[in-house]
Each structure stands twice: as C-alpha cells, then as structure tokens.
Amino acid sequence: MSVRTRFAPSPTGYLHIGGARTALFNFLFARRHGGQYLLRIEDTDRQRSTPEAVQQILDSLAWLGLSPDEPPVFQSQREPRHAAVARELLAKGAAYLAYDTPDELAAQRAEAEAAKRPFKYDGSRWIGMDPAKAPSVAPAIRIKAPREGETVVKDLVQGEVRVAASELDDMIILRSDGTPTYLHAVVVDDHDMEITHVIRGDDHLTNTFRQCMVYDAMRWRRPHFAHVPLIHGADGAKLSKRHGAVGALEFKEQGFLPEAVCNYLLRLGWGHGDTEIIGREEAIRIFDIADVGRAAARMDYAKLTHFNGVYLRAAENDRLTREVLERFAKRGVLFGTDGAARIALLMPDLKERAKTVEELAGAALFALHDGPPAMEPKAAALLTAEAKARLQDLAQFLGDAPWERQDLEQWLRDYADVKGVKLGAVAQPLRAALTGSTQSPPIDAVLFALGRGEAIGRILAAAEG
RNA sequence: GUCCCGUUCGUCUAGAGGCCUAGGACACCAGCCUUUCACGUUGGCAGCACGGGUUCGAAUCCCGUACGGGACGCCA
C-alpha cells in the first residue's frame, strides 16, 4: 500500500510555524516513500473557522512549497459520513445513547474536583436502556471504552507508549445535536482518506488512545503514528506572538526565503550528522521520521537568519532583484527603469552582505533615485574639508575614467597611487558621497552601477555641500 | 490532582557501552583577509540536570529525584 500522509490544520488563524514544520515532515515523509501528501481542513468549529484563515493556510503552504498533492478535504463537508459511522457503532453495540445534559456533567466534574479525585465518566446506567424509558433529552452517542487491559501504540517518534484501560472513558463521538466530535471525525477521515501515517504535534499523543477506540471498534486498521514535539520560544515557553514572528507568512514579510525557513525547520529537532544546509532534494533523500527528537526545540531567530543568509547568497540575482522591487512597490516607493537596472547590476554584491530580503532592500535604496542620497551622520562626518577637496579632484578625473567595473577598480588604485594616499582615503569619502553610508558594496561596483553622470553628480553635490 | 512525554555547550544538534581529552552549527570574544560592510578563514569560551545502581568500562542500559512540556470538554 502506498504511503499517504496528511496535514490537518484548523482554520482558526494563520498557519503557525510549528504547523509549518508538521506539514514539512508530512511532505518529506510522503516524498521519501514515493507516496502522497494531503491536506485536510478541520473546520468543524463553525464559530472560529473562517474562509480567510483557509486562504491564509493555502497561501502559506504554497509559499513554503508544501502544497498538497490532491485538493484539500474539508472536514465540515463530511459530517453525514461521521454521523453514519457513529450510528453504525451504535448498531454494533460498540456505542450507546447517553442522556446526560451538559449541566449534569459539569456538576459531576465539579464534584469530583472538589473531592480531589479524577473525574471519570460512568455511563453504565444508559447501556441497554429501553428507549421508551429514556429521559426526554436529545442523547449523545458515546463509544464504549475498553474496560480492561491496556492500549499500546508504537509511535514512530515517541517509541512504545501504553495507557491502561482504566484511564480511558466512554468518549462522545456524536453530539446531541447530531454533529461529530473532533476525535471521531479525525479517525473517520483518516480512514476514508487512506492515510497510512499520521504525523502530527505531540499534543495529540494522549488523544491517540481515544482515537484507537474508534479504529478498533470499527475493526479498521490503525495507521502508524508519529508525534513530533512542538516548537517553543527562546524562553522555553510555548511559542507565541511575544516571541517574535510565528505566522508562516510573517517570515516572508520579514524577508526570509522559504527554502531557508524549511531548512531551518527541518534542522529544528532533527539532525543528520553534521550537515546543516540541506536543500529540498537532499532532505527528501535523507529524512527519516524516526530521527526526529522527542524533546521540544526552541526557536532561534539568529540561526534562522544565518540560514537565510546562506540561501540568499545562493539565490538567483534576478529573483532577488524582483523581490526587492516588489517590496518597494508594495510600500509605494516609486522607482524608474534606471533604479531597477542599477539594483540588478548591484545585486551580486548586495546579496553578499545581506541576511534578509528586507536588508537587501534597505541596502539598495541609495541607488533607486537620481540625486544625492540621504546622508547618514557617520557618512556625513567622513566628509571633511580634506575629503571634499579629494572628491572635487576625483570628479574632475573621473570624467575620463574607463567605465567598466574592472577598469574602475584599477583606475582607483592607480589614482590613489599617484596621489600618494591609501585607497581607503579615496574610497571612503567616495562611498559616503555616492551611497550616503559608510558601508556598501565595493566602491567600483557602486560607481559602475550608478553610471558616470549620476556618480559625478553625487560626488560634486557632496564636495560642494 | 491523575496519566503520558521529555532533559548533551546560551540555542539547535552529533553521539546506539570502549573511537569522547564529548564533535559540528548559530550566537559571543580575539586574530587574519580587506576599499567600508559582509563573506571567508584561524583560534577561544562553553555542555552529558542530580543521585543511586548494572559493567572491567556509561553521555549511552536500569531505578529514583528534580525540573520542563502535554493531555484529561457535547473545543479543535
């Protein structure tokens, strides 16, 4: 049987970075075994599910390159099927009608808590009851939990985990209003979708034992389970907004590349010897779910940023230029064809010194428009009277300089040589005049990208300012 | 409270009884490279949670303790 995995988020908000990692593992596992990777939207909570959230999830997955192999399944559309299975269980005698009201249950729970003993539901009085004598409240369907023995799950990540039957109680599978509960719906869906491996967050580990009741009662074969640890923030607490970016698309906004995010997420809680930089193809080849760590891992933005720098330097110049220009456009920063062309020219040098697309955009800004750049205080401080005289002189000679990148570099070295100064004494004032900053790509690259006219214009403006 | 899971440098990890004087990466510090900033490169700092076993030998196996996380709903 072919391997089939699924990622099953509920559309109640943006796609969390932890969810993205779960999706990645499902994807990698399926690919590794030549199977399919599916998506199921668990939207049975009508109150909290929104179409916007569904779209967000789809967009996030697409950005990460984790779109499913088949159209997504919407759990809410499968409710008739969930109810049918519940009734089948009832007919088999594996489940029964329970006539408790929510108030009664709440009272029993409160009582147990007050007495400091664990609450365990007891529905024995409903089992085998004559419907004619039943209370006149709409009943819920509860599945009969095993009364003795223990349930054992061989989890691919957590190992063998066992829970005694005494820990399980008769769980509701169909509410009194006829809607299915989550734990029941998941089992029916996973079965019908022919899911062979359920890879999900370890917050579901104990739920697994409840779900097994449905599999076993229906005599369905249980899938393999793999419960991967959740991601925590830098302080070890559950990852939340206050830790920084958590929504997948937030990382895009902050200038991270999807391949860097995926690589980082893969390495978080999973290792393969000393290799750190692992591309998609390589990941598919070497990923093994059994190697995933059992402990929660902490999100480290500094390391993610480092990974991003690695992928940024490896990225195509055209792609990065496009990304940077898109950023400007989105922010309403106007630019002409000259600006776009200059950035394209500068990109090979720009990407060497940036860690995110956002930094790239910031570093490219000086080249976008004609005229003197915005001057940073540090750069302005560089423009001493001596430096200005130097610039004045430079502007004059630059008129005849050969305008090719290689030639410009040599020309500058020769110029410094002839004038008997260090190259730095020429390059730094020049850098300040051309970029308004003390740091930039190599000065010859800047000169070349700006073009002779623009470059000389800026130099003169700085020399006379 | 009950049950389940976990614990190697600050962080992510390698480590399947002797290869461990515990390796790599990020971060941090110092040096080199250099036209600035980066990149690169060299070196440094820093860890097996604790206590008992088992064994000739334990980061690795067993048992406790401590600390963290998760689950206990007619939520998902």
# chains A, B, ... in the order shown; residues from 1 in each chain; ligands from 1

call {"tool": "interface_residues", "arguments": {"of": "chain A", "to": "chain B", "cutoff": "6 Å", "atoms": "only C-alpha atoms (C1' of nucleotides)", "output": "short mmCIF file (atom, residue, chain, number, x, y, z; two decimals) with C-alpha atoms, in the first residue's frame"}}
result
data_model
loop_
_atom_site.label_atom_id
_atom_site.label_comp_id
_atom_site.auth_asym_id
_atom_site.auth_seq_id
_atom_site.Cartn_x
_atom_site.Cartn_y
_atom_site.Cartn_z
CA PRO A 118 -10.01 12.40 38.98
CA ARG A 175 -23.10 15.24 19.99
CA ASP A 203 -0.14 17.50 21.94
CA THR A 206 -2.74 11.10 24.52
CA LEU A 268 15.00 22.12 14.44
CA GLY A 271 19.73 16.13 12.85
CA GLY A 273 25.29 14.05 11.36
CA ASP A 274 26.97 17.40 10.99
CA ALA A 295 12.05 16.94 23.22
CA LYS A 303 20.24 30.82 13.46
CA ARG A 353 26.28 41.37 2.61
CA LEU A 423 42.97 53.52 -1.22
CA GLY A 424 40.78 53.86 1.83
CA ALA A 427 37.15 55.00 -1.26
CA THR A 438 29.82 54.13 5.50
CA GLN A 439 29.15 50.67 4.23
#

call {"tool": "residues_around", "arguments": {"residues": "range 93-110 of chain A", "least_positions_apart": "3", "cutoff": "8 Å", "atoms": "only C-alpha atoms (C1' of nucleotides)", "output": "PyMOL selection string"}}
result
(chain A and resi 86+89-90+113-114+119+123+126-128+134-135+137-144+217) or (chain B and resi 74)

call {"tool": "write_last_selection", "arguments": {"atoms": "N, CA and C atoms (P, O5', C5', C4', C3', O3' and C1' of nucleotides)", "output": "compact mmCIF listing (two decimals), in the first residue's frame"}}
result
# COMPACT_ATOMS: atom_id res chain seq x y z
N ALA A 86 -20.95 6.77 13.35
CA ALA A 86 -21.37 6.76 14.76
C ALA A 86 -22.60 5.86 14.92
N LEU A 89 -21.70 2.24 14.75
CA LEU A 89 -21.11 1.79 16.01
C LEU A 89 -22.21 1.50 17.03
N LEU A 90 -23.24 2.33 16.96
CA LEU A 90 -24.39 2.16 17.86
C LEU A 90 -25.08 0.83 17.56
N GLU A 113 -13.80 17.31 41.30
CA GLU A 113 -12.67 18.20 41.55
C GLU A 113 -12.64 18.65 43.01
N ALA A 114 -13.83 18.92 43.54
CA ALA A 114 -13.92 19.36 44.94
C ALA A 114 -13.43 18.24 45.86
N PHE A 119 -11.93 12.84 37.63
CA PHE A 119 -13.28 12.59 37.13
C PHE A 119 -13.25 11.51 36.06
N GLY A 123 -21.21 5.80 32.33
CA GLY A 123 -22.50 5.83 31.63
C GLY A 123 -23.21 4.49 31.68
N TRP A 126 -26.95 3.95 31.19
CA TRP A 126 -27.61 4.14 29.89
C TRP A 126 -27.51 2.90 29.00
N ILE A 127 -26.52 2.08 29.29
CA ILE A 127 -26.28 0.94 28.41
C ILE A 127 -27.43 -0.07 28.50
N GLY A 128 -28.01 -0.38 27.37
CA GLY A 128 -29.09 -1.35 27.31
C GLY A 128 -30.42 -0.82 27.81
N ALA A 134 -36.24 6.30 28.46
CA ALA A 134 -35.17 7.27 28.49
C ALA A 134 -35.69 8.67 28.78
N PRO A 135 -34.85 9.49 29.38
CA PRO A 135 -35.25 10.88 29.66
C PRO A 135 -35.57 11.59 28.34
N VAL A 137 -34.45 14.02 26.78
CA VAL A 137 -33.44 14.96 26.27
C VAL A 137 -32.78 14.28 25.08
N ALA A 138 -32.27 15.12 24.16
CA ALA A 138 -31.58 14.55 23.00
C ALA A 138 -30.31 13.87 23.48
N PRO A 139 -30.07 12.62 23.12
CA PRO A 139 -28.89 11.90 23.59
C PRO A 139 -27.67 12.14 22.70
N ALA A 140 -26.53 11.94 23.31
CA ALA A 140 -25.28 11.95 22.55
C ALA A 140 -24.89 10.49 22.38
N ILE A 141 -24.06 10.21 21.38
CA ILE A 141 -23.60 8.83 21.24
C ILE A 141 -22.20 8.74 21.84
N ARG A 142 -22.03 7.79 22.74
CA ARG A 142 -20.72 7.59 23.37
C ARG A 142 -20.19 6.22 22.97
N ILE A 143 -18.89 6.17 22.73
CA ILE A 143 -18.29 4.89 22.38
C ILE A 143 -17.84 4.20 23.66
N LYS A 144 -17.97 2.88 23.69
CA LYS A 144 -17.57 2.13 24.88
C LYS A 144 -16.06 1.97 24.91
N ALA A 217 -13.06 -0.35 17.32
CA ALA A 217 -14.48 -0.70 17.30
C ALA A 217 -14.98 -0.91 15.87
P C B 74 -17.73 16.43 27.20
O5' C B 74 -18.58 16.87 25.93
C5' C B 74 -18.27 16.32 24.68
C4' C B 74 -19.11 17.09 23.69
C3' C B 74 -19.21 18.58 24.07
O3' C B 74 -18.77 19.29 22.92
C1' C B 74 -21.39 17.55 23.87

call {"tool": "atom_distance", "arguments": {"atom1": "CA of Phe307 in chain A", "atom2": "CA of Leu24 in chain A"}}
result
17.0 Å

call {"tool": "select_by_dssp", "arguments": {"residues": "range 60-206 of chain A", "states": "strand (DSSP E or B)", "output": "VMD selection string"}}
result
chain A and resid 73 to 74 95 to 98 140 to 143 150 to 155 159 to 164 172 to 174 180 197 to 201

call {"tool": "atom_distance", "arguments": {"atom1": "CA of Leu398 in chain A", "atom2": "CA of Gly436 in chain A"}}
result
19.1 Å

call {"tool": "select_by_dssp", "arguments": {"residues": "range 6-215 of chain A", "states": "alpha helix (DSSP H)", "output": "MDAnalysis selection string"}}
result
chainID A and resid 17:32 51:64 79:92 102:114 182:192 205:215

call {"tool": "residues_around", "arguments": {"residues": "Ala164 in chain A", "least_positions_apart": "2", "cutoff": "8 Å", "atoms": "only C-alpha atoms (C1' of nucleotides)", "output": "list in words"}}
result
Glu148, Gly149, Glu150, Thr151, Arg162, Ser166, Glu167 and Leu168 of chain A

call {"tool": "write_last_selection", "arguments": {"atoms": "N, CA, C and O atoms", "output": "compact mmCIF listing (two decimals), in the first residue's frame"}}
result
# COMPACT_ATOMS: atom_id res chain seq x y z
N GLU A 148 -10.75 -3.29 30.34
CA GLU A 148 -9.54 -3.79 30.98
C GLU A 148 -8.40 -3.92 29.98
O GLU A 148 -8.59 -3.74 28.78
N GLY A 149 -7.24 -4.17 30.51
CA GLY A 149 -6.06 -4.27 29.65
C GLY A 149 -5.47 -2.90 29.40
O GLY A 149 -5.74 -1.95 30.13
N GLU A 150 -4.69 -2.81 28.35
CA GLU A 150 -4.09 -1.52 28.04
C GLU A 150 -3.98 -1.35 26.54
O GLU A 150 -4.04 -2.32 25.78
N THR A 151 -3.89 -0.11 26.13
CA THR A 151 -3.73 0.19 24.71
C THR A 151 -2.27 0.53 24.47
O THR A 151 -1.68 1.32 25.21
N ARG A 162 2.15 3.26 26.26
CA ARG A 162 0.97 2.48 26.66
C ARG A 162 0.14 3.18 27.70
O ARG A 162 0.67 3.90 28.55
N SER A 166 -8.10 1.72 32.29
CA SER A 166 -8.76 2.49 33.35
C SER A 166 -8.61 4.01 33.16
O SER A 166 -9.30 4.80 33.77
N GLU A 167 -7.70 4.40 32.29
CA GLU A 167 -7.51 5.83 32.05
C GLU A 167 -8.47 6.38 31.00
O GLU A 167 -8.59 7.59 30.82
N LEU A 168 -9.08 5.48 30.28
CA LEU A 168 -9.95 5.91 29.18
C LEU A 168 -11.41 5.87 29.62
O LEU A 168 -11.84 4.95 30.30

call {"tool": "residues_around", "arguments": {"residues": "range 400-406 of chain A", "least_positions_apart": "6", "cutoff": "7 Å", "atoms": "only C-alpha atoms (C1' of nucleotides)", "output": "PDB file with all heavy atoms, in the first residue's frame"}}
result
ATOM      1  N   ASP A 444      33.864  50.354  -6.604  1.00  0.00           N
ATOM      2  CA  ASP A 444      33.893  50.280  -8.071  1.00  0.00           C
ATOM      3  C   ASP A 444      32.553  49.768  -8.602  1.00  0.00           C
ATOM      4  O   ASP A 444      32.059  50.226  -9.635  1.00  0.00           O
ATOM      5  CB  ASP A 444      35.044  49.389  -8.536  1.00  0.00           C
ATOM      6  CG  ASP A 444      35.163  48.114  -7.751  1.00  0.00           C
ATOM      7  OD1 ASP A 444      35.491  48.189  -6.544  1.00  0.00           O
ATOM      8  OD2 ASP A 444      34.926  47.042  -8.324  1.00  0.00           O
ATOM      9  N   ALA A 445      31.943  48.846  -7.847  1.00  0.00           N
ATOM     10  CA  ALA A 445      30.646  48.309  -8.258  1.00  0.00           C
ATOM     11  C   ALA A 445      29.580  49.398  -8.173  1.00  0.00           C
ATOM     12  O   ALA A 445      28.693  49.497  -9.022  1.00  0.00           O
ATOM     13  CB  ALA A 445      30.250  47.131  -7.370  1.00  0.00           C
ATOM     14  N   PHE A 448      30.058  51.918 -11.050  1.00  0.00           N
ATOM     15  CA  PHE A 448      29.623  51.340 -12.311  1.00  0.00           C
ATOM     16  C   PHE A 448      28.103  51.274 -12.403  1.00  0.00           C
ATOM     17  O   PHE A 448      27.512  51.626 -13.425  1.00  0.00           O
ATOM     18  CB  PHE A 448      30.222  49.945 -12.480  1.00  0.00           C
ATOM     19  CG  PHE A 448      29.835  49.307 -13.772  1.00  0.00           C
ATOM     20  CD1 PHE A 448      30.236  49.872 -14.979  1.00  0.00           C
ATOM     21  CD2 PHE A 448      29.059  48.156 -13.789  1.00  0.00           C
ATOM     22  CE1 PHE A 448      29.858  49.287 -16.187  1.00  0.00           C
ATOM     23  CE2 PHE A 448      28.676  47.582 -15.001  1.00  0.00           C
ATOM     24  CZ  PHE A 448      29.082  48.143 -16.196  1.00  0.00           C
TER      25      PHE A 448
END

call {"tool": "residues_around", "arguments": {"residues": "Ala381 in chain A", "least_positions_apart": "5", "cutoff": "10 Å", "atoms": "only C-alpha atoms (C1' of nucleotides)", "output": "PyMOL selection string"}}
result
chain A and resi 375-376+429+432+438

call {"tool": "write_last_selection", "arguments": {"atoms": "C-alpha atoms", "output": "PDB file, in the first residue's frame"}}
result
ATOM      1  CA  MET A 375      23.180  61.062   4.289  1.00  0.00           C
ATOM      2  CA  GLU A 376      23.791  59.103   7.474  1.00  0.00           C
ATOM      3  CA  PRO A 429      34.690  59.676   1.053  1.00  0.00           C
ATOM      4  CA  ALA A 432      29.787  58.498   1.608  1.00  0.00           C
ATOM      5  CA  THR A 438      29.815  54.133   5.498  1.00  0.00           C
TER       6      THR A 438
END

call {"tool": "atom_distance", "arguments": {"atom1": "C1' of U8 in chain B", "atom2": "C1' of C48 in chain B"}}
result
4.3 Å

call {"tool": "decode", "arguments": {"residues": "range 49-64 of chain B", "atoms": "C-alpha atoms (C1' of nucleotides)", "output": "mmCIF file, in the first residue's frame"}}
result
data_model
loop_
_atom_site.group_PDB
_atom_site.id
_atom_site.type_symbol
_atom_site.label_atom_id
_atom_site.label_comp_id
_atom_site.auth_asym_id
_atom_site.auth_seq_id
_atom_site.Cartn_x
_atom_site.Cartn_y
_atom_site.Cartn_z
ATOM 1 C "C1'" A B 49 20.133 18.025 35.134
ATOM 2 C "C1'" C B 50 21.061 15.386 40.015
ATOM 3 C "C1'" G B 51 21.561 10.765 42.937
ATOM 4 C "C1'" G B 52 21.957 5.645 43.008
ATOM 5 C "C1'" G B 53 22.842 1.086 40.508
ATOM 6 C "C1'" U B 54 24.496 -2.676 36.269
ATOM 7 C "C1'" U B 55 29.517 -3.255 33.968
ATOM 8 C "C1'" C B 56 36.475 -4.227 33.638
ATOM 9 C "C1'" G B 57 34.338 0.287 31.360
ATOM 10 C "C1'" A B 58 28.215 4.584 30.838
ATOM 11 C "C1'" A B 59 26.546 10.731 27.714
ATOM 12 C "C1'" U B 60 24.863 5.885 26.032
ATOM 13 C "C1'" C B 61 21.435 0.453 29.943
ATOM 14 C "C1'" C B 62 18.129 0.275 34.768
ATOM 15 C "C1'" C B 63 15.794 2.792 39.105
ATOM 16 C "C1'" G B 64 14.698 7.136 41.751
#
